[in-house]
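Okay, so here's the structure we're looking at.
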Amino acid sequence: MENAIDAHASQVDVVIENSGLDLIKVIDNGDGIANEDVPLAFVRHATSKIQNRHDLFKIMTLGFRGEALPSIASVANVTLQTRAADSETGLTYQIQGGQVVSEAPAAGRFGTAVSVRSLFYNTPARLKYLKKPQTEMSLIVETLNHLALAYPQIALSLTHNGKSLLKTAGNGDLKQVLAVVYDRKTAEKLVDFKGASEHFKINGYLSLPEQTRSSRSYFAVIVNHRFVKNFSVSNAITSGYGSKLMVGRFPIGAINIELDPLLVDVNVHPQKAEIRLSEEGELTSLIAAVIRDRLSQENLIPQALENL
Ligand code: ADP
Ligand code: MG
């Protein structure tokens, strides 16, 4: 999915069968891959997203390590269909256990579709350590939810065994995505906020102090379009509410944080789920102040949701 987003897709559809054991398919309408580059995409550590080592310090894409495709192709049966925007014909490329099985020209839509079947067929120990199908499925849903919140301008869908589990409009409206990820009633009560300081721009939606949950995980933190966990940011959010929150209760919402990519280090966590930020003190003060001010305004009336 991250590859689809890096390829500028405006629509990404995910089709899952049997919690991913039978099929994981990601279909995008992005740039596609030039036919001659397809084998390279499966070479370990090959990436088109970094040109030189300086690029490592200002990562703008979700991927950059060249690991996803070779890793999945070494433990499953993977079919990649792709057609680049300037290409008359595309390519269907099948690879299993790291070995190319077939390769054929293919007509078809622009963009890329990656299908994964027989996951871990050659690594029984890893197959055994998959969690219960329901648990694996809820992890997939969670991943989709996070991407949906980080990319309201991309139309995302998730289908499991033919049943639609998630669908976003892709119209850029974060509040509508919050209504899809949580529920409409919850989203309707959220109010918007925004602010800026020397190095940061923030915006998002937050719940009023009476609408809370018992965990921090209902406030999405998104840094330069990457969904992350960051304790300092989460703490700054709750400190903005101050004594308005009951002990053990946490607000609901989402915050987008934008900053120069030079000030973010995404290399501290293998899944890039945690990041290190420079000027963190400036950011946490900004967040707490913006939230405090917003909550102290009178007549906090959430805007209604339209077209849902
Ligand atoms: P990374 O994303 O770190 O570059 P991947 O193994 O995920 O590594 O992908 C390898 C390369 O294959 C990418 O750099 C990109 O050029 C190409 N690629 C993979 N998936 C797609 C896609 N859906 N659309 C376009 N190009 C893709
Ligand atoms: Mg990738």
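Ordering of the structure tokens sets the chain letters (A, B, ...), residue numbers begin anew at 1 in every chain, and ligands are numbered from 1 in the order given.
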- prompt: Which residues come within 10 Å of stretch 146-158 of chain A, counting only C-alpha atoms, excluding same-chain residues fewer than 2 positions away, as a PyMOL selection string?
  reply: chain A and resi 1-2+5+8-16+25-28+140-144+160+162-178+180-181+220-228+254-256
Prev. selection, C-alpha atoms, output as an mmCIF file, in the first residue's frame:
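What landed in result34.cif:
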```cif
data_model
loop_
_atom_site.group_PDB
_atom_site.id
_atom_site.type_symbol
_atom_site.label_atom_id
_atom_site.label_comp_id
_atom_site.auth_asym_id
_atom_site.auth_seq_id
_atom_site.Cartn_x
_atom_site.Cartn_y
_atom_site.Cartn_z
ATOM 1 C CA MET A 1 0.000 0.000 0.000
ATOM 2 C CA GLU A 2 2.848 2.339 0.781
ATOM 3 C CA ILE A 5 0.996 5.868 -2.327
ATOM 4 C CA HIS A 8 1.050 8.834 -6.583
ATOM 5 C CA ALA A 9 -2.053 6.663 -6.712
ATOM 6 C CA SER A 10 -5.344 8.463 -6.121
ATOM 7 C CA GLN A 11 -7.154 5.181 -5.596
ATOM 8 C CA VAL A 12 -5.954 2.072 -3.779
ATOM 9 C CA ASP A 13 -8.122 -1.006 -3.375
ATOM 10 C CA VAL A 14 -7.186 -3.845 -1.073
ATOM 11 C CA VAL A 15 -8.789 -7.247 -1.497
ATOM 12 C CA ILE A 16 -8.285 -9.856 1.187
ATOM 13 C CA LYS A 25 -4.170 -7.977 -3.301
ATOM 14 C CA VAL A 26 -3.363 -4.282 -3.582
ATOM 15 C CA ILE A 27 -4.530 -2.521 -6.724
ATOM 16 C CA ASP A 28 -3.443 1.031 -7.456
ATOM 17 C CA ILE A 140 -5.016 -5.265 8.397
ATOM 18 C CA VAL A 141 -8.017 -3.063 9.198
ATOM 19 C CA GLU A 142 -5.891 -1.017 11.588
ATOM 20 C CA THR A 143 -3.236 -0.498 8.916
ATOM 21 C CA LEU A 144 -5.870 0.657 6.438
ATOM 22 C CA HIS A 160 -12.619 -9.082 2.972
ATOM 23 C CA GLY A 162 -16.285 -10.064 -0.722
ATOM 24 C CA LYS A 163 -17.516 -7.832 2.074
ATOM 25 C CA SER A 164 -16.606 -4.140 2.167
ATOM 26 C CA LEU A 165 -14.929 -3.179 5.463
ATOM 27 C CA LEU A 166 -13.734 0.324 4.679
ATOM 28 C CA LYS A 167 -14.194 2.860 1.941
ATOM 29 C CA THR A 168 -13.081 6.460 1.872
ATOM 30 C CA ALA A 169 -14.139 9.072 -0.639
ATOM 31 C CA GLY A 170 -10.676 10.410 -1.386
ATOM 32 C CA ASN A 171 -11.918 13.999 -1.410
ATOM 33 C CA GLY A 172 -9.356 15.262 1.091
ATOM 34 C CA ASP A 173 -11.828 15.730 3.938
ATOM 35 C CA LEU A 174 -10.178 14.404 7.113
ATOM 36 C CA LYS A 175 -13.407 14.679 9.062
ATOM 37 C CA GLN A 176 -15.130 12.337 6.633
ATOM 38 C CA VAL A 177 -12.305 9.842 7.073
ATOM 39 C CA LEU A 178 -12.702 10.108 10.852
ATOM 40 C CA VAL A 180 -15.385 6.164 8.407
ATOM 41 C CA VAL A 181 -12.653 5.064 10.821
ATOM 42 C CA ALA A 220 -3.977 9.732 15.410
ATOM 43 C CA VAL A 221 -0.596 11.385 15.050
ATOM 44 C CA ILE A 222 0.469 12.001 11.470
ATOM 45 C CA VAL A 223 3.840 13.524 10.651
ATOM 46 C CA ASN A 224 4.405 14.556 7.026
ATOM 47 C CA HIS A 225 1.707 12.066 5.993
ATOM 48 C CA ARG A 226 3.183 9.218 7.968
ATOM 49 C CA PHE A 227 1.073 7.695 10.749
ATOM 50 C CA VAL A 228 3.374 7.397 13.754
ATOM 51 C CA ALA A 254 -6.242 13.378 14.539
ATOM 52 C CA ILE A 255 -3.331 15.769 14.222
ATOM 53 C CA ASN A 256 -1.333 16.474 11.086
#
```
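Listed by chain and then residue number, the contacts of ligand 2 are Glu2, Asn3, Leu62, Gly63, Phe64, Gly66, Glu67 and Ala68 of chain A (distance at most 7 Å, using only C-alpha atoms and all ligand atoms).
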Next, the residues of the selection above should be written as a tab-separated table (two decimals), in the first residue's frame with C-alpha atoms.
```
chain	number	residue	atom	x	y	z
A	2	GLU	CA	2.85	2.34	0.78
A	3	ASN	CA	4.30	1.61	-2.64
A	62	LEU	CA	7.03	6.05	2.64
A	63	GLY	CA	9.48	3.47	1.30
A	64	PHE	CA	13.20	3.80	0.67
A	66	GLY	CA	13.88	-1.66	-1.12
A	67	GLU	CA	12.76	-4.49	1.11
A	68	ALA	CA	9.02	-5.04	0.72
```
field: Test item: residues lying within 6 Å of ligand 1 with only C-alpha atoms and all ligand atoms, as an MDAnalysis selection string
entry: chainID A and resid 3:4 7 30:33 41 47:49 63:70 112
Saved selection, atoms kept: C-alpha atoms, as a PDB file, in the first residue's frame:
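What ended up in selection.pdb:
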```pdb
ATOM      1  CA  ASN A   3       4.295   1.605  -2.642  1.00  0.00           C
ATOM      2  CA  ALA A   4       0.963   2.582  -4.205  1.00  0.00           C
ATOM      3  CA  ALA A   7       3.571   5.942  -6.886  1.00  0.00           C
ATOM      4  CA  GLY A  30      -0.368   5.015  -9.714  1.00  0.00           C
ATOM      5  CA  ASP A  31       2.630   5.559 -11.990  1.00  0.00           C
ATOM      6  CA  GLY A  32       3.229   1.878 -12.684  1.00  0.00           C
ATOM      7  CA  ILE A  33       6.648   0.335 -13.254  1.00  0.00           C
ATOM      8  CA  ALA A  41      11.872  -4.066  -8.129  1.00  0.00           C
ATOM      9  CA  THR A  47      14.805   1.247  -4.641  1.00  0.00           C
ATOM     10  CA  SER A  48      13.868   3.981  -7.075  1.00  0.00           C
ATOM     11  CA  LYS A  49      13.246   6.392  -4.218  1.00  0.00           C
ATOM     12  CA  GLY A  63       9.483   3.472   1.299  1.00  0.00           C
ATOM     13  CA  PHE A  64      13.199   3.804   0.666  1.00  0.00           C
ATOM     14  CA  ARG A  65      14.838   0.580   1.799  1.00  0.00           C
ATOM     15  CA  GLY A  66      13.882  -1.658  -1.120  1.00  0.00           C
ATOM     16  CA  GLU A  67      12.758  -4.487   1.111  1.00  0.00           C
ATOM     17  CA  ALA A  68       9.016  -5.037   0.725  1.00  0.00           C
ATOM     18  CA  LEU A  69       8.773  -6.699  -2.674  1.00  0.00           C
ATOM     19  CA  PRO A  70      11.832  -8.995  -2.368  1.00  0.00           C
ATOM     20  CA  THR A 112       0.034  -1.684 -10.467  1.00  0.00           C
TER      21      THR A 112
END
```
How would you write, as a PDB file with N, CA and C atoms, in the first residue's frame, the set of residues in stretch 29-183 of chain A that DSSP gives as helix (DSSP H, G or I)?
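Wrote it out as states.pdb, contents follow:
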```pdb
ATOM      1  N   ASN A  35       8.383  -1.722 -17.808  1.00  0.00           N
ATOM      2  CA  ASN A  35       8.562  -3.172 -17.943  1.00  0.00           C
ATOM      3  C   ASN A  35       9.977  -3.635 -17.603  1.00  0.00           C
ATOM      4  N   GLU A  36      10.965  -2.891 -18.094  1.00  0.00           N
ATOM      5  CA  GLU A  36      12.352  -3.339 -17.881  1.00  0.00           C
ATOM      6  C   GLU A  36      12.800  -3.193 -16.426  1.00  0.00           C
ATOM      7  N   ASP A  37      12.049  -2.416 -15.646  1.00  0.00           N
ATOM      8  CA  ASP A  37      12.436  -2.236 -14.237  1.00  0.00           C
ATOM      9  C   ASP A  37      11.783  -3.253 -13.298  1.00  0.00           C
ATOM     10  N   VAL A  38      10.832  -4.021 -13.819  1.00  0.00           N
ATOM     11  CA  VAL A  38      10.090  -4.925 -12.922  1.00  0.00           C
ATOM     12  C   VAL A  38      11.006  -5.923 -12.206  1.00  0.00           C
ATOM     13  N   PRO A  39      11.931  -6.612 -12.919  1.00  0.00           N
ATOM     14  CA  PRO A  39      12.812  -7.540 -12.189  1.00  0.00           C
ATOM     15  C   PRO A  39      13.599  -6.829 -11.085  1.00  0.00           C
ATOM     16  N   LEU A  40      14.021  -5.609 -11.378  1.00  0.00           N
ATOM     17  CA  LEU A  40      14.800  -4.835 -10.409  1.00  0.00           C
ATOM     18  C   LEU A  40      14.004  -4.541  -9.130  1.00  0.00           C
ATOM     19  N   ALA A  41      12.699  -4.376  -9.298  1.00  0.00           N
ATOM     20  CA  ALA A  41      11.872  -4.066  -8.129  1.00  0.00           C
ATOM     21  C   ALA A  41      11.914  -5.191  -7.098  1.00  0.00           C
ATOM     22  N   ARG A  53      23.199   9.301  -0.982  1.00  0.00           N
ATOM     23  CA  ARG A  53      23.048   9.158   0.464  1.00  0.00           C
ATOM     24  C   ARG A  53      22.475  10.409   1.128  1.00  0.00           C
ATOM     25  N   HIS A  54      22.573  11.547   0.462  1.00  0.00           N
ATOM     26  CA  HIS A  54      21.979  12.757   1.046  1.00  0.00           C
ATOM     27  C   HIS A  54      20.462  12.654   1.128  1.00  0.00           C
ATOM     28  N   ASP A  55      19.884  11.929   0.154  1.00  0.00           N
ATOM     29  CA  ASP A  55      18.427  11.765   0.156  1.00  0.00           C
ATOM     30  C   ASP A  55      17.927  11.095   1.436  1.00  0.00           C
ATOM     31  N   LEU A  56      18.804  10.306   2.055  1.00  0.00           N
ATOM     32  CA  LEU A  56      18.415   9.592   3.276  1.00  0.00           C
ATOM     33  C   LEU A  56      18.023  10.545   4.403  1.00  0.00           C
ATOM     34  N   PHE A  57      18.504  11.774   4.306  1.00  0.00           N
ATOM     35  CA  PHE A  57      18.224  12.721   5.392  1.00  0.00           C
ATOM     36  C   PHE A  57      16.974  13.546   5.140  1.00  0.00           C
ATOM     37  N   ALA A  68      10.350  -4.428   0.686  1.00  0.00           N
ATOM     38  CA  ALA A  68       9.016  -5.037   0.725  1.00  0.00           C
ATOM     39  C   ALA A  68       8.821  -6.104  -0.347  1.00  0.00           C
ATOM     40  N   LEU A  69       9.055  -5.739  -1.601  1.00  0.00           N
ATOM     41  CA  LEU A  69       8.773  -6.699  -2.674  1.00  0.00           C
ATOM     42  C   LEU A  69       9.674  -7.935  -2.596  1.00  0.00           C
ATOM     43  N   PRO A  70      11.017  -7.784  -2.480  1.00  0.00           N
ATOM     44  CA  PRO A  70      11.832  -8.995  -2.368  1.00  0.00           C
ATOM     45  C   PRO A  70      11.464  -9.843  -1.156  1.00  0.00           C
ATOM     46  N   SER A  71      11.114  -9.211  -0.044  1.00  0.00           N
ATOM     47  CA  SER A  71      10.785  -9.990   1.156  1.00  0.00           C
ATOM     48  C   SER A  71       9.534 -10.829   0.932  1.00  0.00           C
ATOM     49  N   ILE A  72       8.490 -10.179   0.421  1.00  0.00           N
ATOM     50  CA  ILE A  72       7.231 -10.923   0.255  1.00  0.00           C
ATOM     51  C   ILE A  72       7.396 -11.993  -0.827  1.00  0.00           C
ATOM     52  N   ALA A  73       8.172 -11.678  -1.873  1.00  0.00           N
ATOM     53  CA  ALA A  73       8.334 -12.648  -2.966  1.00  0.00           C
ATOM     54  C   ALA A  73       9.166 -13.854  -2.546  1.00  0.00           C
ATOM     55  N   SER A  74       9.923 -13.724  -1.468  1.00  0.00           N
ATOM     56  CA  SER A  74      10.730 -14.864  -1.035  1.00  0.00           C
ATOM     57  C   SER A  74       9.930 -15.846  -0.185  1.00  0.00           C
ATOM     58  N   PRO A 124       7.254 -22.875   7.098  1.00  0.00           N
ATOM     59  CA  PRO A 124       6.158 -23.346   7.963  1.00  0.00           C
ATOM     60  C   PRO A 124       6.210 -22.763   9.371  1.00  0.00           C
ATOM     61  N   ALA A 125       7.417 -22.481   9.861  1.00  0.00           N
ATOM     62  CA  ALA A 125       7.522 -21.941  11.220  1.00  0.00           C
ATOM     63  C   ALA A 125       6.850 -20.571  11.283  1.00  0.00           C
ATOM     64  N   ARG A 126       7.054 -19.767  10.235  1.00  0.00           N
ATOM     65  CA  ARG A 126       6.438 -18.432  10.247  1.00  0.00           C
ATOM     66  C   ARG A 126       4.934 -18.531  10.051  1.00  0.00           C
ATOM     67  N   LEU A 127       4.516 -19.497   9.247  1.00  0.00           N
ATOM     68  CA  LEU A 127       3.080 -19.698   9.051  1.00  0.00           C
ATOM     69  C   LEU A 127       2.421 -20.019  10.386  1.00  0.00           C
ATOM     70  N   LYS A 128       3.113 -20.867  11.146  1.00  0.00           N
ATOM     71  CA  LYS A 128       2.583 -21.294  12.440  1.00  0.00           C
ATOM     72  C   LYS A 128       2.468 -20.111  13.404  1.00  0.00           C
ATOM     73  N   PRO A 133      -6.683 -15.871  12.628  1.00  0.00           N
ATOM     74  CA  PRO A 133      -7.138 -15.116  11.455  1.00  0.00           C
ATOM     75  C   PRO A 133      -7.829 -13.800  11.826  1.00  0.00           C
ATOM     76  N   GLN A 134      -8.673 -13.851  12.848  1.00  0.00           N
ATOM     77  CA  GLN A 134      -9.372 -12.612  13.259  1.00  0.00           C
ATOM     78  C   GLN A 134      -8.389 -11.525  13.670  1.00  0.00           C
ATOM     79  N   THR A 135      -7.336 -11.950  14.391  1.00  0.00           N
ATOM     80  CA  THR A 135      -6.352 -10.972  14.859  1.00  0.00           C
ATOM     81  C   THR A 135      -5.576 -10.396  13.677  1.00  0.00           C
ATOM     82  N   GLU A 136      -5.179 -11.266  12.754  1.00  0.00           N
ATOM     83  CA  GLU A 136      -4.470 -10.782  11.575  1.00  0.00           C
ATOM     84  C   GLU A 136      -5.356  -9.799  10.797  1.00  0.00           C
ATOM     85  N   MET A 137      -6.634 -10.142  10.696  1.00  0.00           N
ATOM     86  CA  MET A 137      -7.556  -9.283   9.956  1.00  0.00           C
ATOM     87  C   MET A 137      -7.708  -7.933  10.639  1.00  0.00           C
ATOM     88  N   SER A 138      -7.753  -7.944  11.984  1.00  0.00           N
ATOM     89  CA  SER A 138      -7.916  -6.647  12.643  1.00  0.00           C
ATOM     90  C   SER A 138      -6.646  -5.809  12.491  1.00  0.00           C
ATOM     91  N   LEU A 139      -5.500  -6.453  12.351  1.00  0.00           N
ATOM     92  CA  LEU A 139      -4.269  -5.693  12.087  1.00  0.00           C
ATOM     93  C   LEU A 139      -4.306  -5.073  10.695  1.00  0.00           C
ATOM     94  N   ILE A 140      -4.883  -5.816   9.758  1.00  0.00           N
ATOM     95  CA  ILE A 140      -5.016  -5.265   8.397  1.00  0.00           C
ATOM     96  C   ILE A 140      -5.947  -4.053   8.418  1.00  0.00           C
ATOM     97  N   VAL A 141      -7.066  -4.184   9.118  1.00  0.00           N
ATOM     98  CA  VAL A 141      -8.017  -3.063   9.198  1.00  0.00           C
ATOM     99  C   VAL A 141      -7.336  -1.855   9.838  1.00  0.00           C
ATOM    100  N   GLU A 142      -6.579  -2.113  10.900  1.00  0.00           N
ATOM    101  CA  GLU A 142      -5.891  -1.017  11.588  1.00  0.00           C
ATOM    102  C   GLU A 142      -4.913  -0.306  10.643  1.00  0.00           C
ATOM    103  N   THR A 143      -4.185  -1.079   9.871  1.00  0.00           N
ATOM    104  CA  THR A 143      -3.236  -0.498   8.916  1.00  0.00           C
ATOM    105  C   THR A 143      -3.959   0.385   7.901  1.00  0.00           C
ATOM    106  N   LEU A 144      -5.084  -0.131   7.400  1.00  0.00           N
ATOM    107  CA  LEU A 144      -5.870   0.657   6.438  1.00  0.00           C
ATOM    108  C   LEU A 144      -6.403   1.937   7.077  1.00  0.00           C
ATOM    109  N   ASN A 145      -6.870   1.820   8.306  1.00  0.00           N
ATOM    110  CA  ASN A 145      -7.382   2.995   9.013  1.00  0.00           C
ATOM    111  C   ASN A 145      -6.300   4.067   9.126  1.00  0.00           C
ATOM    112  N   HIS A 146      -5.107   3.630   9.470  1.00  0.00           N
ATOM    113  CA  HIS A 146      -4.014   4.595   9.644  1.00  0.00           C
ATOM    114  C   HIS A 146      -3.683   5.292   8.333  1.00  0.00           C
ATOM    115  N   LEU A 147      -3.626   4.501   7.251  1.00  0.00           N
ATOM    116  CA  LEU A 147      -3.323   5.110   5.958  1.00  0.00           C
ATOM    117  C   LEU A 147      -4.451   6.038   5.523  1.00  0.00           C
ATOM    118  N   ALA A 148      -5.679   5.645   5.803  1.00  0.00           N
ATOM    119  CA  ALA A 148      -6.826   6.485   5.418  1.00  0.00           C
ATOM    120  C   ALA A 148      -6.739   7.845   6.121  1.00  0.00           C
ATOM    121  N   LEU A 149      -6.386   7.832   7.404  1.00  0.00           N
ATOM    122  CA  LEU A 149      -6.282   9.087   8.164  1.00  0.00           C
ATOM    123  C   LEU A 149      -5.136   9.947   7.643  1.00  0.00           C
ATOM    124  N   ALA A 150      -4.060   9.311   7.239  1.00  0.00           N
ATOM    125  CA  ALA A 150      -2.898  10.066   6.765  1.00  0.00           C
ATOM    126  C   ALA A 150      -3.088  10.561   5.327  1.00  0.00           C
ATOM    127  N   LEU A 174     -10.606  15.247   5.987  1.00  0.00           N
ATOM    128  CA  LEU A 174     -10.178  14.404   7.113  1.00  0.00           C
ATOM    129  C   LEU A 174     -11.350  14.035   8.015  1.00  0.00           C
ATOM    130  N   LYS A 175     -12.286  14.969   8.169  1.00  0.00           N
ATOM    131  CA  LYS A 175     -13.407  14.679   9.062  1.00  0.00           C
ATOM    132  C   LYS A 175     -14.251  13.524   8.531  1.00  0.00           C
ATOM    133  N   GLN A 176     -14.400  13.469   7.217  1.00  0.00           N
ATOM    134  CA  GLN A 176     -15.130  12.337   6.633  1.00  0.00           C
ATOM    135  C   GLN A 176     -14.396  11.023   6.864  1.00  0.00           C
ATOM    136  N   VAL A 177     -13.064  11.069   6.805  1.00  0.00           N
ATOM    137  CA  VAL A 177     -12.305   9.842   7.073  1.00  0.00           C
ATOM    138  C   VAL A 177     -12.483   9.437   8.538  1.00  0.00           C
ATOM    139  N   LEU A 178     -12.484  10.420   9.435  1.00  0.00           N
ATOM    140  CA  LEU A 178     -12.702  10.108  10.852  1.00  0.00           C
ATOM    141  C   LEU A 178     -14.074   9.451  11.049  1.00  0.00           C
ATOM    142  N   ALA A 179     -15.037   9.884  10.258  1.00  0.00           N
ATOM    143  CA  ALA A 179     -16.373   9.281  10.350  1.00  0.00           C
ATOM    144  C   ALA A 179     -16.361   7.831   9.869  1.00  0.00           C
ATOM    145  N   VAL A 180     -15.490   7.542   8.907  1.00  0.00           N
ATOM    146  CA  VAL A 180     -15.385   6.164   8.407  1.00  0.00           C
ATOM    147  C   VAL A 180     -14.624   5.293   9.409  1.00  0.00           C
ATOM    148  N   VAL A 181     -13.531   5.840   9.944  1.00  0.00           N
ATOM    149  CA  VAL A 181     -12.653   5.064  10.821  1.00  0.00           C
ATOM    150  C   VAL A 181     -13.295   4.860  12.202  1.00  0.00           C
TER     151      VAL A 181
END
```
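Atom CA of A:Thr238 sits 11.5 Å away from atom CA of A:Gly253.
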- prompt: Using only C-alpha atoms, which of the listed residues (A:Thr61, A:Asn230, A:Asn29, A:Ser197) sits closest to A:Val114?
  reply: A:Asn29
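With atom CA of A:Pro270 on one side and atom CA of A:Ile257 on the other, the separation reads 21.3 Å.
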task: Please return as JSON, numbers by chain: the residues of stretch 65-241 of chain A that backbone DSSP assigns to strand (DSSP E).
output: {"A": [77, 78, 79, 80, 81, 82, 83, 90, 91, 92, 93, 94, 95, 96, 99, 100, 101, 102, 103, 104, 105, 106, 111, 112, 113, 114, 115, 116, 117, 155, 156, 157, 158, 159, 160, 163, 164, 165, 166, 167, 191, 192, 193, 194, 195, 196, 201, 202, 203, 204, 205, 206, 212, 213, 219, 220, 221, 222, 223, 226, 227, 228]}
message: When you look at stretch 100-105 of chain A with a cut-off of 9 Å (counting only C-alpha atoms), what residues show up, excluding the ones that are within fewer than 2 positions of it in the same chain? I need them as a VMD selection string.
response: chain A and resid 35 39 89 to 98 107
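When only C-alpha atoms are used to compute distances to A:Gly204, the closest of the residues A:Ile291, A:Ala106, A:Leu245, A:Ile59 turns out to be A:Ile291.
Pairwise distance (atom CA of A:Phe193, atom CA of A:Arg216) equals 18.5 Å.
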query: Pick from A:Arg292, A:Lys229, A:Lys201, A:Lys272: nearest to A:Lys244, with only C-alpha atoms counted?
result: A:Arg292
Residue neighbourhood stretch 280-285 of chain A, 12 Å, only C-alpha atoms, exclusion window fewer than 3 positions, as a count of residues only: 34
